[in-house]
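File shown: protein-v9.pdb. Contents: PDB, C-alpha atoms and all ligand atoms.
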```pdb
ATOM      1  CA  MET Q   1      35.394 -37.193 -31.454
ATOM      2  CA  ASP Q   2      38.313 -38.206 -29.249
ATOM      3  CA  ASP Q   3      38.046 -38.382 -25.514
ATOM      4  CA  ASP Q   4      41.220 -36.667 -24.381
ATOM      5  CA  SER Q   5      39.839 -35.234 -21.173
ATOM      6  CA  CYS Q   6      40.249 -36.463 -17.645
ATOM      7  CA  GLN Q   7      37.471 -34.138 -16.455
ATOM      8  CA  THR Q   8      34.425 -36.221 -17.298
ATOM      9  CA  PRO Q   9      32.790 -38.146 -14.439
ATOM     10  CA  LEU Q  10      33.908 -41.587 -13.396
ATOM     11  CA  THR Q  11      31.972 -44.567 -14.600
ATOM     12  CA  THR Q  12      31.709 -47.646 -12.410
ATOM     13  CA  THR Q  13      34.078 -49.873 -14.371
ATOM     14  CA  THR Q  14      37.509 -50.376 -12.802
ATOM     15  CA  HIS Q  15      40.599 -52.137 -14.104
ATOM     16  CA  ASN Q  16      40.761 -54.727 -11.389
ATOM     17  CA  PHE Q  17      41.992 -57.939 -12.957
ATOM     18  CA  THR Q  18      41.062 -61.277 -11.503
ATOM     19  CA  PRO Q  19      41.996 -64.297 -13.595
ATOM     20  CA  GLY Q  20      38.812 -66.243 -14.283
ATOM     21  CA  PRO Q  21      38.331 -69.974 -14.757
ATOM     22  CA  SER Q  22      38.268 -69.787 -18.551
ATOM     23  CA  GLY Q  23      41.489 -67.864 -18.819
ATOM     24  CA  GLN Q  24      39.527 -64.599 -18.948
ATOM     25  CA  SER Q  25      40.314 -61.595 -16.798
ATOM     26  CA  PHE Q  26      37.326 -59.607 -15.687
ATOM     27  CA  LEU Q  27      36.784 -56.196 -14.207
ATOM     28  CA  SER Q  28      35.008 -55.707 -10.956
ATOM     29  CA  VAL Q  29      32.078 -53.288 -11.062
ATOM     30  CA  GLN Q  30      31.782 -51.069  -8.032
ATOM     31  CA  HIS Q  31      29.682 -48.128  -7.020
ATOM     32  CA  PRO Q  32      31.648 -44.883  -7.632
ATOM     33  CA  LEU Q  33      31.383 -43.898  -3.955
ATOM     34  CA  VAL Q  34      32.742 -47.277  -2.860
ATOM     35  CA  TYR Q  35      35.542 -46.870  -5.389
ATOM     36  CA  LEU Q  36      36.296 -43.368  -4.109
ATOM     37  CA  TYR Q  37      36.297 -44.617  -0.511
ATOM     38  CA  LEU Q  38      38.701 -47.451  -1.383
ATOM     39  CA  CYS Q  39      41.016 -45.058  -3.226
ATOM     40  CA  LEU Q  40      41.072 -42.574  -0.332
ATOM     41  CA  SER Q  41      41.599 -45.210   2.331
ATOM     42  CA  GLN Q  42      44.377 -46.800   0.266
ATOM     43  CA  MET Q  43      46.028 -43.396  -0.152
ATOM     44  CA  PHE Q  44      45.764 -42.731   3.576
ATOM     45  CA  ARG Q  45      47.262 -46.140   4.460
ATOM     46  CA  ASN Q  46      50.102 -45.579   2.032
ATOM     47  CA  LEU Q  47      50.713 -42.063   3.360
ATOM     48  CA  LEU Q  48      51.496 -43.622   6.709
ATOM     49  CA  THR Q  49      53.744 -46.344   5.376
ATOM     50  CA  VAL Q  50      55.544 -45.317   2.201
ATOM     51  CA  SER Q  51      58.316 -42.921   1.302
ATOM     52  CA  ARG Q  52      57.541 -39.626  -0.477
ATOM     53  CA  PRO Q  53      58.598 -40.738  -4.012
ATOM     54  CA  SER Q  54      56.471 -43.880  -3.695
ATOM     55  CA  PHE Q  55      53.551 -41.783  -2.529
ATOM     56  CA  ILE Q  56      53.865 -39.432  -5.520
ATOM     57  CA  ASN Q  57      54.014 -42.449  -7.798
ATOM     58  CA  LEU Q  58      50.904 -43.874  -6.126
ATOM     59  CA  VAL Q  59      48.932 -40.646  -6.540
ATOM     60  CA  SER Q  60      49.894 -40.327 -10.219
ATOM     61  CA  ARG Q  61      48.898 -43.949 -10.860
ATOM     62  CA  MET Q  62      45.539 -43.368  -9.162
ATOM     63  CA  SER Q  63      44.745 -40.264 -11.176
ATOM     64  CA  ALA Q  64      45.708 -42.126 -14.326
ATOM     65  CA  GLN Q  65      43.389 -44.924 -13.218
ATOM     66  CA  ALA Q  66      40.521 -42.476 -12.850
ATOM     67  CA  CYS Q  67      41.121 -41.156 -16.384
ATOM     68  CA  ARG Q  68      41.183 -44.627 -17.814
ATOM     69  CA  ASP Q  69      37.834 -45.494 -16.299
ATOM     70  CA  ASN Q  70      35.881 -43.095 -18.490
ATOM     71  CA  ASN Q  71      33.375 -44.875 -20.639
ATOM     72  CA  MET Q  72      35.699 -47.648 -21.751
ATOM     73  CA  ILE Q  73      35.002 -51.345 -21.487
ATOM     74  CA  PHE Q  74      38.295 -53.207 -21.375
ATOM     75  CA  ARG Q  75      39.005 -56.937 -21.131
ATOM     76  CA  GLN Q  76      42.266 -58.828 -21.233
ATOM     77  CA  LEU Q  77      41.696 -62.414 -22.390
ATOM     78  CA  PHE Q  78      44.238 -65.214 -22.403
ATOM     79  CA  ASP Q  79      45.028 -68.285 -24.492
ATOM     80  CA  ARG Q  80      46.782 -70.821 -22.308
ATOM     81  CA  GLU Q  81      48.240 -72.744 -25.232
ATOM     82  CA  SER Q  82      50.101 -69.970 -27.057
ATOM     83  CA  CYS Q  83      50.208 -67.630 -24.023
ATOM     84  CA  THR Q  84      48.580 -64.969 -26.209
ATOM     85  CA  TYR Q  85      46.633 -62.021 -24.855
ATOM     86  CA  THR Q  86      43.573 -60.861 -26.753
ATOM     87  CA  TYR Q  87      42.106 -57.478 -25.860
ATOM     88  CA  LEU Q  88      38.533 -56.303 -26.133
ATOM     89  CA  LEU Q  89      37.944 -52.552 -25.994
ATOM     90  CA  ALA Q  90      34.565 -50.904 -26.354
ATOM     91  CA  ASP Q  91      32.812 -47.597 -26.000
ATOM     92  CA  ASN Q  92      30.368 -48.120 -23.148
ATOM     93  CA  THR Q  93      27.868 -45.654 -24.648
ATOM     94  CA  THR Q  94      27.832 -46.448 -28.355
ATOM     95  CA  LYS Q  95      28.862 -50.101 -27.757
ATOM     96  CA  GLU Q  96      31.272 -50.020 -30.691
ATOM     97  CA  ALA Q  97      34.098 -52.449 -29.997
ATOM     98  CA  VAL Q  98      37.457 -53.656 -31.297
ATOM     99  CA  LEU Q  99      39.245 -56.916 -30.638
ATOM    100  CA  ILE Q 100      43.047 -57.066 -30.772
ATOM    101  CA  ASP Q 101      44.995 -60.272 -31.541
ATOM    102  CA  PRO Q 102      42.342 -63.010 -31.275
ATOM    103  CA  VAL Q 103      43.327 -66.691 -31.444
ATOM    104  CA  ILE Q 104      41.355 -69.028 -33.712
ATOM    105  CA  GLU Q 105      40.727 -71.721 -31.078
ATOM    106  CA  LEU Q 106      39.121 -69.088 -28.825
ATOM    107  CA  ALA Q 107      37.185 -67.129 -31.450
ATOM    108  CA  GLU Q 108      33.909 -68.561 -30.159
ATOM    109  CA  ARG Q 109      34.730 -67.446 -26.612
ATOM    110  CA  ASP Q 110      35.414 -63.934 -27.902
ATOM    111  CA  ALA Q 111      32.272 -63.807 -30.073
ATOM    112  CA  LYS Q 112      30.171 -64.951 -27.099
ATOM    113  CA  LEU Q 113      31.614 -62.220 -24.874
ATOM    114  CA  VAL Q 114      30.914 -59.591 -27.530
ATOM    115  CA  GLN Q 115      27.329 -60.814 -27.765
ATOM    116  CA  GLU Q 116      26.840 -61.051 -23.983
ATOM    117  CA  LEU Q 117      28.048 -57.485 -23.487
ATOM    118  CA  GLY Q 118      25.745 -56.263 -26.249
ATOM    119  CA  LEU Q 119      28.661 -54.888 -28.263
ATOM    120  CA  ASN Q 120      28.862 -54.042 -31.924
ATOM    121  CA  LEU Q 121      32.227 -55.430 -33.035
ATOM    122  CA  LYS Q 122      33.667 -52.987 -35.559
ATOM    123  CA  TYR Q 123      37.212 -54.221 -36.121
ATOM    124  CA  VAL Q 124      39.100 -57.431 -35.492
ATOM    125  CA  MET Q 125      42.682 -56.270 -35.637
ATOM    126  CA  ASN Q 126      46.152 -57.691 -35.313
ATOM    127  CA  THR Q 127      49.370 -56.133 -34.090
ATOM    128  CA  HIS Q 128      51.249 -58.227 -36.694
ATOM    129  CA  MET Q 129      51.209 -61.446 -38.675
ATOM    130  CA  HIS Q 130      51.698 -63.997 -35.915
ATOM    131  CA  ALA Q 131      53.998 -66.999 -36.311
ATOM    132  CA  ASP Q 132      52.995 -69.036 -33.267
ATOM    133  CA  HIS Q 133      49.185 -69.298 -33.600
ATOM    134  CA  ILE Q 134      46.487 -68.850 -36.217
ATOM    135  CA  THR Q 135      44.637 -65.580 -35.828
ATOM    136  CA  GLY Q 136      40.944 -65.724 -34.923
ATOM    137  CA  THR Q 137      40.214 -62.876 -37.336
ATOM    138  CA  GLY Q 138      38.777 -64.933 -40.194
ATOM    139  CA  LEU Q 139      36.588 -67.051 -37.939
ATOM    140  CA  LEU Q 140      35.346 -64.002 -36.023
ATOM    141  CA  LYS Q 141      34.309 -62.382 -39.292
ATOM    142  CA  LYS Q 142      32.061 -65.386 -39.812
ATOM    143  CA  LEU Q 143      30.816 -65.544 -36.213
ATOM    144  CA  VAL Q 144      30.139 -61.802 -35.930
ATOM    145  CA  PRO Q 145      28.895 -60.620 -39.326
ATOM    146  CA  GLY Q 146      29.712 -57.027 -40.150
ATOM    147  CA  CYS Q 147      33.065 -56.727 -38.410
ATOM    148  CA  LYS Q 148      36.109 -55.902 -40.520
ATOM    149  CA  SER Q 149      39.649 -57.230 -40.322
ATOM    150  CA  LEU Q 150      42.497 -54.744 -39.877
ATOM    151  CA  ILE Q 151      46.283 -55.109 -39.976
ATOM    152  CA  ALA Q 152      49.331 -53.064 -41.016
ATOM    153  CA  LYS Q 153      49.865 -52.673 -44.732
ATOM    154  CA  MET Q 154      53.533 -53.549 -44.104
ATOM    155  CA  SER Q 155      52.525 -56.984 -42.780
ATOM    156  CA  GLY Q 156      51.750 -58.181 -46.296
ATOM    157  CA  ALA Q 157      48.652 -59.977 -44.945
ATOM    158  CA  LYS Q 158      45.189 -59.761 -46.478
ATOM    159  CA  ALA Q 159      42.589 -57.742 -44.572
ATOM    160  CA  ASP Q 160      39.609 -55.474 -45.167
ATOM    161  CA  ILE Q 161      41.530 -52.476 -43.864
ATOM    162  CA  HIS Q 162      45.257 -51.787 -43.989
ATOM    163  CA  VAL Q 163      46.719 -49.188 -41.648
ATOM    164  CA  GLU Q 164      49.995 -47.297 -41.501
ATOM    165  CA  HIS Q 165      51.972 -45.337 -38.923
ATOM    166  CA  GLY Q 166      49.963 -42.280 -37.875
ATOM    167  CA  ASP Q 167      46.524 -43.660 -38.713
ATOM    168  CA  LYS Q 168      43.722 -43.651 -36.143
ATOM    169  CA  VAL Q 169      41.389 -46.552 -35.450
ATOM    170  CA  THR Q 170      38.146 -45.210 -33.993
ATOM    171  CA  PHE Q 171      35.425 -46.987 -32.067
ATOM    172  CA  GLY Q 172      32.664 -44.842 -30.610
ATOM    173  CA  GLU Q 173      34.257 -41.787 -29.009
ATOM    174  CA  HIS Q 174      37.601 -43.516 -28.553
ATOM    175  CA  HIS Q 175      40.530 -43.988 -30.844
ATOM    176  CA  LEU Q 176      43.797 -45.873 -31.035
ATOM    177  CA  GLU Q 177      46.795 -44.297 -32.717
ATOM    178  CA  VAL Q 178      48.762 -46.644 -34.973
ATOM    179  CA  ARG Q 179      52.520 -46.542 -34.399
ATOM    180  CA  GLY Q 180      54.863 -48.519 -36.607
ATOM    181  CA  THR Q 181      57.091 -50.670 -34.367
ATOM    182  CA  PRO Q 182      58.930 -53.026 -36.750
ATOM    183  CA  GLY Q 183      61.766 -55.284 -35.687
ATOM    184  CA  HIS Q 184      60.067 -58.478 -34.479
ATOM    185  CA  THR Q 185      58.418 -58.501 -37.908
ATOM    186  CA  SER Q 186      58.545 -55.708 -40.454
ATOM    187  CA  GLY Q 187      54.781 -55.178 -40.175
ATOM    188  CA  CYS Q 188      54.494 -54.864 -36.374
ATOM    189  CA  ILE Q 189      52.392 -52.000 -35.054
ATOM    190  CA  THR Q 190      51.525 -50.714 -31.596
ATOM    191  CA  TYR Q 191      48.076 -49.304 -30.849
ATOM    192  CA  VAL Q 192      48.147 -46.341 -28.443
ATOM    193  CA  SER Q 193      45.229 -44.887 -26.496
ATOM    194  CA  HIS Q 194      46.354 -41.455 -25.353
ATOM    195  CA  SER Q 195      43.135 -40.714 -23.480
ATOM    196  CA  HIS Q 196      43.395 -43.922 -21.464
ATOM    197  CA  LYS Q 197      47.186 -43.899 -21.188
ATOM    198  CA  MET Q 198      47.717 -47.375 -22.496
ATOM    199  CA  ALA Q 199      49.337 -49.095 -25.453
ATOM    200  CA  PHE Q 200      49.031 -52.544 -27.024
ATOM    201  CA  THR Q 201      52.551 -53.432 -28.010
ATOM    202  CA  GLY Q 202      52.090 -56.784 -29.742
ATOM    203  CA  ASP Q 203      55.427 -58.629 -29.689
ATOM    204  CA  ALA Q 204      57.568 -55.494 -29.985
ATOM    205  CA  LEU Q 205      57.696 -55.090 -26.219
ATOM    206  CA  LEU Q 206      56.889 -57.904 -23.779
ATOM    207  CA  VAL Q 207      56.903 -57.521 -19.983
ATOM    208  CA  ARG Q 208      60.650 -57.468 -19.119
ATOM    209  CA  GLY Q 209      61.406 -58.705 -22.614
ATOM    210  CA  CYS Q 210      60.727 -58.193 -26.300
ATOM    211  CA  GLY Q 211      59.856 -60.154 -29.396
ATOM    212  CA  ARG Q 212      62.507 -62.332 -31.002
ATOM    213  CA  THR Q 213      64.145 -61.066 -34.176
ATOM    214  CA  ASP Q 214      65.351 -64.244 -35.882
ATOM    215  CA  PHE Q 215      62.662 -64.687 -38.576
ATOM    216  CA  GLN Q 216      59.948 -62.785 -40.536
ATOM    217  CA  GLU Q 217      62.428 -60.016 -41.460
ATOM    218  CA  GLY Q 218      63.238 -59.535 -37.790
ATOM    219  CA  SER Q 219      66.032 -57.111 -36.956
ATOM    220  CA  PRO Q 220      67.496 -56.258 -33.519
ATOM    221  CA  ASP Q 221      68.632 -52.830 -34.756
ATOM    222  CA  THR Q 222      65.154 -51.995 -36.024
ATOM    223  CA  LEU Q 223      63.425 -53.337 -32.909
ATOM    224  CA  TYR Q 224      65.712 -51.374 -30.594
ATOM    225  CA  HIS Q 225      64.933 -48.166 -32.458
ATOM    226  CA  SER Q 226      61.188 -48.896 -32.628
ATOM    227  CA  VAL Q 227      60.763 -49.635 -28.951
ATOM    228  CA  HIS Q 228      62.810 -46.661 -27.785
ATOM    229  CA  SER Q 229      61.309 -44.147 -30.203
ATOM    230  CA  GLN Q 230      57.668 -45.275 -30.275
ATOM    231  CA  ILE Q 231      56.929 -47.048 -26.973
ATOM    232  CA  LEU Q 232      59.385 -46.077 -24.237
ATOM    233  CA  SER Q 233      59.057 -42.461 -25.369
ATOM    234  CA  LEU Q 234      55.443 -42.433 -24.149
ATOM    235  CA  PRO Q 235      54.820 -40.821 -20.729
ATOM    236  CA  SER Q 236      56.130 -43.007 -17.902
ATOM    237  CA  GLU Q 237      52.699 -43.831 -16.457
ATOM    238  CA  PHE Q 238      51.377 -45.387 -19.685
ATOM    239  CA  ILE Q 239      50.367 -49.000 -19.165
ATOM    240  CA  LEU Q 240      51.726 -51.413 -21.745
ATOM    241  CA  TYR Q 241      49.808 -54.538 -22.715
ATOM    242  CA  PRO Q 242      51.815 -57.207 -24.575
ATOM    243  CA  ALA Q 243      50.583 -59.854 -27.009
ATOM    244  CA  HIS Q 244      52.192 -62.659 -24.990
ATOM    245  CA  ASP Q 245      53.476 -63.519 -21.608
ATOM    246  CA  TYR Q 246      55.101 -66.784 -20.641
ATOM    247  CA  LYS Q 247      55.479 -66.103 -16.915
ATOM    248  CA  GLY Q 248      51.991 -65.058 -15.829
ATOM    249  CA  GLN Q 249      52.582 -61.302 -16.044
ATOM    250  CA  THR Q 250      49.731 -59.263 -17.468
ATOM    251  CA  ALA Q 251      50.921 -55.698 -18.062
ATOM    252  CA  THR Q 252      53.686 -53.237 -17.334
ATOM    253  CA  THR Q 253      54.387 -49.511 -17.549
ATOM    254  CA  VAL Q 254      56.793 -47.373 -19.534
ATOM    255  CA  ALA Q 255      58.565 -46.457 -16.279
ATOM    256  CA  GLU Q 256      59.008 -50.085 -15.242
ATOM    257  CA  GLU Q 257      60.403 -51.195 -18.588
ATOM    258  CA  LYS Q 258      62.792 -48.244 -18.760
ATOM    259  CA  GLN Q 259      64.150 -49.326 -15.396
ATOM    260  CA  PHE Q 260      63.902 -53.100 -15.411
ATOM    261  CA  ASN Q 261      63.755 -54.496 -18.954
ATOM    262  CA  PRO Q 262      66.814 -56.765 -19.061
ATOM    263  CA  ARG Q 263      67.228 -56.335 -22.827
ATOM    264  CA  LEU Q 264      66.089 -52.821 -23.638
ATOM    265  CA  THR Q 265      67.961 -51.076 -20.818
ATOM    266  CA  LYS Q 266      71.200 -52.161 -22.521
ATOM    267  CA  ASN Q 267      72.972 -50.200 -25.242
ATOM    268  CA  LYS Q 268      72.346 -51.172 -28.854
ATOM    269  CA  GLU Q 269      75.444 -53.359 -29.215
ATOM    270  CA  GLU Q 270      74.662 -55.308 -26.058
ATOM    271  CA  PHE Q 271      71.021 -55.601 -27.147
ATOM    272  CA  ASN Q 272      72.044 -56.987 -30.553
ATOM    273  CA  ASP Q 273      74.280 -59.505 -28.848
ATOM    274  CA  ILE Q 274      71.448 -60.668 -26.559
ATOM    275  CA  MET Q 275      68.985 -60.944 -29.434
ATOM    276  CA  ASN Q 276      71.401 -62.826 -31.683
ATOM    277  CA  ASN Q 277      72.012 -65.409 -28.975
ATOM    278  CA  LEU Q 278      68.549 -66.101 -27.557
ATOM    279  CA  GLY Q 279      68.705 -69.707 -28.735
ATOM    280  CA  LEU Q 280      64.908 -70.069 -28.865
ATOM    281  CA  ALA Q 281      63.344 -73.009 -30.713
ATOM    282  CA  TYR Q 282      61.124 -72.011 -33.642
ATOM    283  CA  PRO Q 283      57.433 -71.737 -32.686
ATOM    284  CA  LYS Q 284      55.819 -75.166 -32.983
ATOM    285  CA  LYS Q 285      53.012 -73.937 -35.249
ATOM    286  CA  ILE Q 286      55.020 -71.610 -37.493
ATOM    287  CA  ASP Q 287      54.476 -73.710 -40.637
ATOM    288  CA  VAL Q 288      50.681 -73.611 -40.390
ATOM    289  CA  SER Q 289      50.368 -70.179 -38.801
ATOM    290  CA  LEU Q 290      52.202 -68.041 -41.346
ATOM    291  CA  PRO Q 291      50.357 -69.198 -44.499
ATOM    292  CA  ALA Q 292      47.030 -69.050 -42.634
ATOM    293  CA  ASN Q 293      47.669 -65.606 -41.185
ATOM    294  CA  LYS Q 294      48.586 -64.216 -44.593
ATOM    295  CA  VAL Q 295      44.922 -64.681 -45.457
ATOM    296  CA  CYS Q 296      43.292 -63.789 -42.143
ATOM    297  CA  GLY Q 297      43.489 -67.272 -40.660
ATOM    298  CA  LEU Q 298      41.420 -69.017 -43.339
ATOM    299  CA  HIS Q 299      43.985 -71.085 -45.203
ATOM    300  CA  ASP Q 300      44.642 -74.845 -45.206
ATOM    301  CA  LEU Q 301      43.263 -75.132 -41.711
ATOM    302  CA  PRO Q 302      43.801 -78.263 -39.642
ATOM    303  CA  GLU Q 303      40.702 -80.525 -39.948
ATOM    304  CA  ASP Q 304      39.195 -79.744 -36.537
ATOM    305  CA  LEU Q 305      39.329 -76.014 -37.220
ATOM    306  CA  ALA Q 306      38.203 -76.301 -40.854
ATOM    307  CA  ALA Q 307      35.084 -78.096 -39.599
ATOM    308  CA  LYS Q 308      33.996 -74.897 -37.851
ATOM    309  CA  PHE Q 309      33.589 -73.188 -41.197
ATOM    310  CA  ASN Q 310      31.104 -75.699 -42.624
TER     311      ASN Q 310
HETATM  312  N1  LIG Q 401      57.320 -71.662 -27.595
HETATM  313  C1  LIG Q 401      56.396 -70.924 -28.393
HETATM  314  C2  LIG Q 401      57.054 -69.747 -29.070
HETATM  315  C3  LIG Q 401      57.708 -68.794 -28.107
HETATM  316  C4  LIG Q 401      58.228 -67.600 -28.895
HETATM  317  O1  LIG Q 401      59.124 -67.730 -29.705
HETATM  318  N2  LIG Q 401      57.608 -66.435 -28.688
HETATM  319  C5  LIG Q 401      57.880 -65.286 -29.519
HETATM  320  C6  LIG Q 401      56.591 -64.542 -29.739
HETATM  321  S1  LIG Q 401      55.478 -65.531 -30.661
HETATM  322  S2  LIG Q 401      56.360 -65.586 -32.430
HETATM  323  C7  LIG Q 401      58.915 -64.375 -28.955
HETATM  324  O2  LIG Q 401      59.218 -63.392 -29.573
HETATM  325  N3  LIG Q 401      59.476 -64.655 -27.785
HETATM  326  C8  LIG Q 401      60.482 -63.834 -27.213
HETATM  327  C9  LIG Q 401      61.015 -64.432 -25.970
HETATM  328  O3  LIG Q 401      61.974 -63.860 -25.432
HETATM  329  O4  LIG Q 401      60.465 -65.438 -25.490
HETATM  330  C10 LIG Q 401      55.776 -71.787 -29.478
HETATM  331  O5  LIG Q 401      56.298 -72.853 -29.768
HETATM  332  O6  LIG Q 401      54.787 -71.318 -30.042
END
```
Let me see the file written as structure tokens.
Ligand SMILES: N[C@@H](CCC(=O)N[C@@H](CSS)C(=O)NCC(=O)O)C(=O)O
Amino acid sequence: MDDDSCQTPLTTTTHNFTPGPSGQSFLSVQHPLVYLYLCLSQMFRNLLTVSRPSFINLVSRMSAQACRDNNMIFRQLFDRESCTYTYLLADNTTKEAVLIDPVIELAERDAKLVQELGLNLKYVMNTHMHADHITGTGLLKKLVPGCKSLIAKMSGAKADIHVEHGDKVTFGEHHLEVRGTPGHTSGCITYVSHSHKMAFTGDALLVRGCGRTDFQEGSPDTLYHSVHSQILSLPSEFILYPAHDYKGQTATTVAEEKQFNPRLTKNKEEFNDIMNNLGLAYPKKIDVSLPANKVCGLHDLPEDLAAKFN
């Protein structure tokens, strides 16, 4: 069953990110009455100080926040080396969980968190076949027996489950809609939670940027169409979580990117021109990452990582 309602009572989990010492963001847990008090006092303070449009924006963000807090455990985890975000989502009642875009060097961190929170990891899933790091999927399947790997059929990578545009990935009472967003790679997908008004955009859309299009069948034309038709067409308050950030940003919204994205606010010709002249060096680990990620991150591993499998 999908939780599409904003009417159910608030739980005590809030999306209040504080970067932790191990590169992990955690959520503060507050009593609902304290949370309500903080919301009301913040609204009152802002009423006195902000203009009417800002106030309306604030109220709509707060009601969206309340909806998102229903029965969902959510963690944004970070890999300092590749600047990759990994996301853990779980149903707080059934404890079924999914992990999006894990990194092999941090698979043990992720498995430990799953165990500490008492979660039952159902899927380890990727937004695409990454070129800059080896996915933690294969190692997590060993560390957390029973979980299944999941990726887009179009990626050409091996996995237990292949998904396509329009499919639903369910965990407990929640689900993520799969939207095909090719262009960075031909197998890129975005996972959308309509009930929680958020989307995991992989490398299709980055905060104030987007994925490069100069390898892995990348195409500026295709990316431009994907982002506009599948991501920026979501309601403006949807929060977008990227697979990477190189400047310390954690998330954005549809409204922000429609207004401020320096690439995607341009017309298609200007966008193509920007993308064809990025001048980025190839990712340092591309030669090991691509063959490994074709088979779930378990292929010709560097010695230190291979040792973990023995
Ligand atoms: N320096 C990094 C690679 C950085 C990079 O190319 N990032 C990709 C996503 S990972 S393939 C990208 O699309 N960047 C877009 C941009 O505008 O930065 C390394 O060596 O790994």
Which distance in Å separates CA of Phe171 (chain Q) and CA of Ser226 (chain Q), to one decimal?
-> 25.8 Å
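Omitting region 249-260 of chain Q and its sequence neighbours fewer than 5 positions away, and counting all atoms listed in the file, the residues within 8 Å are Val207, Arg208, Ile231, Leu232, Ser233, Leu234, Pro235, Ser236, Glu237, Phe238, Ile239, Leu240, Tyr241, Pro242 and Thr265 of chain Q.
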Those same residues - C-alpha atoms - I'd like them written as an mmCIF file, in the frame of the given file.
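Output (part-v1.cif):
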```
data_model
loop_
_atom_site.group_PDB
_atom_site.id
_atom_site.type_symbol
_atom_site.label_atom_id
_atom_site.label_comp_id
_atom_site.auth_asym_id
_atom_site.auth_seq_id
_atom_site.Cartn_x
_atom_site.Cartn_y
_atom_site.Cartn_z
ATOM 1 C CA VAL Q 207 56.903 -57.521 -19.983
ATOM 2 C CA ARG Q 208 60.650 -57.468 -19.119
ATOM 3 C CA ILE Q 231 56.929 -47.048 -26.973
ATOM 4 C CA LEU Q 232 59.385 -46.077 -24.237
ATOM 5 C CA SER Q 233 59.057 -42.461 -25.369
ATOM 6 C CA LEU Q 234 55.443 -42.433 -24.149
ATOM 7 C CA PRO Q 235 54.820 -40.821 -20.729
ATOM 8 C CA SER Q 236 56.130 -43.007 -17.902
ATOM 9 C CA GLU Q 237 52.699 -43.831 -16.457
ATOM 10 C CA PHE Q 238 51.377 -45.387 -19.685
ATOM 11 C CA ILE Q 239 50.367 -49.000 -19.165
ATOM 12 C CA LEU Q 240 51.726 -51.413 -21.745
ATOM 13 C CA TYR Q 241 49.808 -54.538 -22.715
ATOM 14 C CA PRO Q 242 51.815 -57.207 -24.575
ATOM 15 C CA THR Q 265 67.961 -51.076 -20.818
#
```
Target residues per the PyMOL selection byres (((not hetatm)) within 9 of (chain Q and resi 401)), formatted as a compact mmCIF listing (two decimals) with C-alpha atoms, keeping the file's coordinate frame:
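Ended up saving to part08.txt:
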```txt
# COMPACT_ATOMS: atom_id res chain seq x y z
CA GLU Q 81 48.24 -72.74 -25.23
CA SER Q 82 50.10 -69.97 -27.06
CA CYS Q 83 50.21 -67.63 -24.02
CA THR Q 84 48.58 -64.97 -26.21
CA HIS Q 130 51.70 -64.00 -35.92
CA ALA Q 131 54.00 -67.00 -36.31
CA ASP Q 132 53.00 -69.04 -33.27
CA HIS Q 133 49.18 -69.30 -33.60
CA HIS Q 184 60.07 -58.48 -34.48
CA GLY Q 202 52.09 -56.78 -29.74
CA ASP Q 203 55.43 -58.63 -29.69
CA ALA Q 204 57.57 -55.49 -29.98
CA LEU Q 206 56.89 -57.90 -23.78
CA GLY Q 209 61.41 -58.70 -22.61
CA CYS Q 210 60.73 -58.19 -26.30
CA GLY Q 211 59.86 -60.15 -29.40
CA ARG Q 212 62.51 -62.33 -31.00
CA THR Q 213 64.14 -61.07 -34.18
CA ASP Q 214 65.35 -64.24 -35.88
CA PHE Q 215 62.66 -64.69 -38.58
CA ALA Q 243 50.58 -59.85 -27.01
CA HIS Q 244 52.19 -62.66 -24.99
CA ASP Q 245 53.48 -63.52 -21.61
CA TYR Q 246 55.10 -66.78 -20.64
CA MET Q 275 68.98 -60.94 -29.43
CA LEU Q 278 68.55 -66.10 -27.56
CA LEU Q 280 64.91 -70.07 -28.86
CA ALA Q 281 63.34 -73.01 -30.71
CA TYR Q 282 61.12 -72.01 -33.64
CA PRO Q 283 57.43 -71.74 -32.69
CA LYS Q 284 55.82 -75.17 -32.98
CA LYS Q 285 53.01 -73.94 -35.25
CA ILE Q 286 55.02 -71.61 -37.49
```
Around all the atoms of region 86-105 of chain Q listed in the file, draw an axis-aligned box and extend it by 8 Å on each of the six sides; I want its centre and edge lengths in Å to one decimal, as JSON.
```
{"center_x": 36.4, "center_y": -58.7, "center_z": -28.4, "size_x": 33.2, "size_y": 42.1, "size_z": 26.6}
```
What lies within 8 Å of Lys95 (chain Q) using only C-alpha atoms, ignoring chain neighbours under 2 positions off, as a ChimeraX atom specification?
-> /Q:90-93,97,118-120,172
Filtering to C-alpha atoms, could you give me those residues as a PDB file, in the coordinates of the input?
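Result file follows (selection.pdb):
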```pdb
ATOM      1  CA  ALA Q  90      34.565 -50.904 -26.354  1.00  0.00           C
ATOM      2  CA  ASP Q  91      32.812 -47.597 -26.000  1.00  0.00           C
ATOM      3  CA  ASN Q  92      30.368 -48.120 -23.148  1.00  0.00           C
ATOM      4  CA  THR Q  93      27.868 -45.654 -24.648  1.00  0.00           C
ATOM      5  CA  ALA Q  97      34.098 -52.449 -29.997  1.00  0.00           C
ATOM      6  CA  GLY Q 118      25.745 -56.263 -26.249  1.00  0.00           C
ATOM      7  CA  LEU Q 119      28.661 -54.888 -28.263  1.00  0.00           C
ATOM      8  CA  ASN Q 120      28.862 -54.042 -31.924  1.00  0.00           C
ATOM      9  CA  GLY Q 172      32.664 -44.842 -30.610  1.00  0.00           C
TER      10      GLY Q 172
END
```
Can you list, as a PyMOL selection string, every protein, DNA or RNA residue that comes within 7 Å of region 110-116 of chain Q when you count only C-alpha atoms, leaving out same-chain residues fewer than 4 positions away?
-> chain Q and resi 106+140+143-144
Find the spatial neighbours of Ile274 (chain Q), counting all atoms listed in the file, within a cut-off of 10 Å - ignore same-chain residues fewer than 4 positions away - and output them as a count of residues only.
-> 10
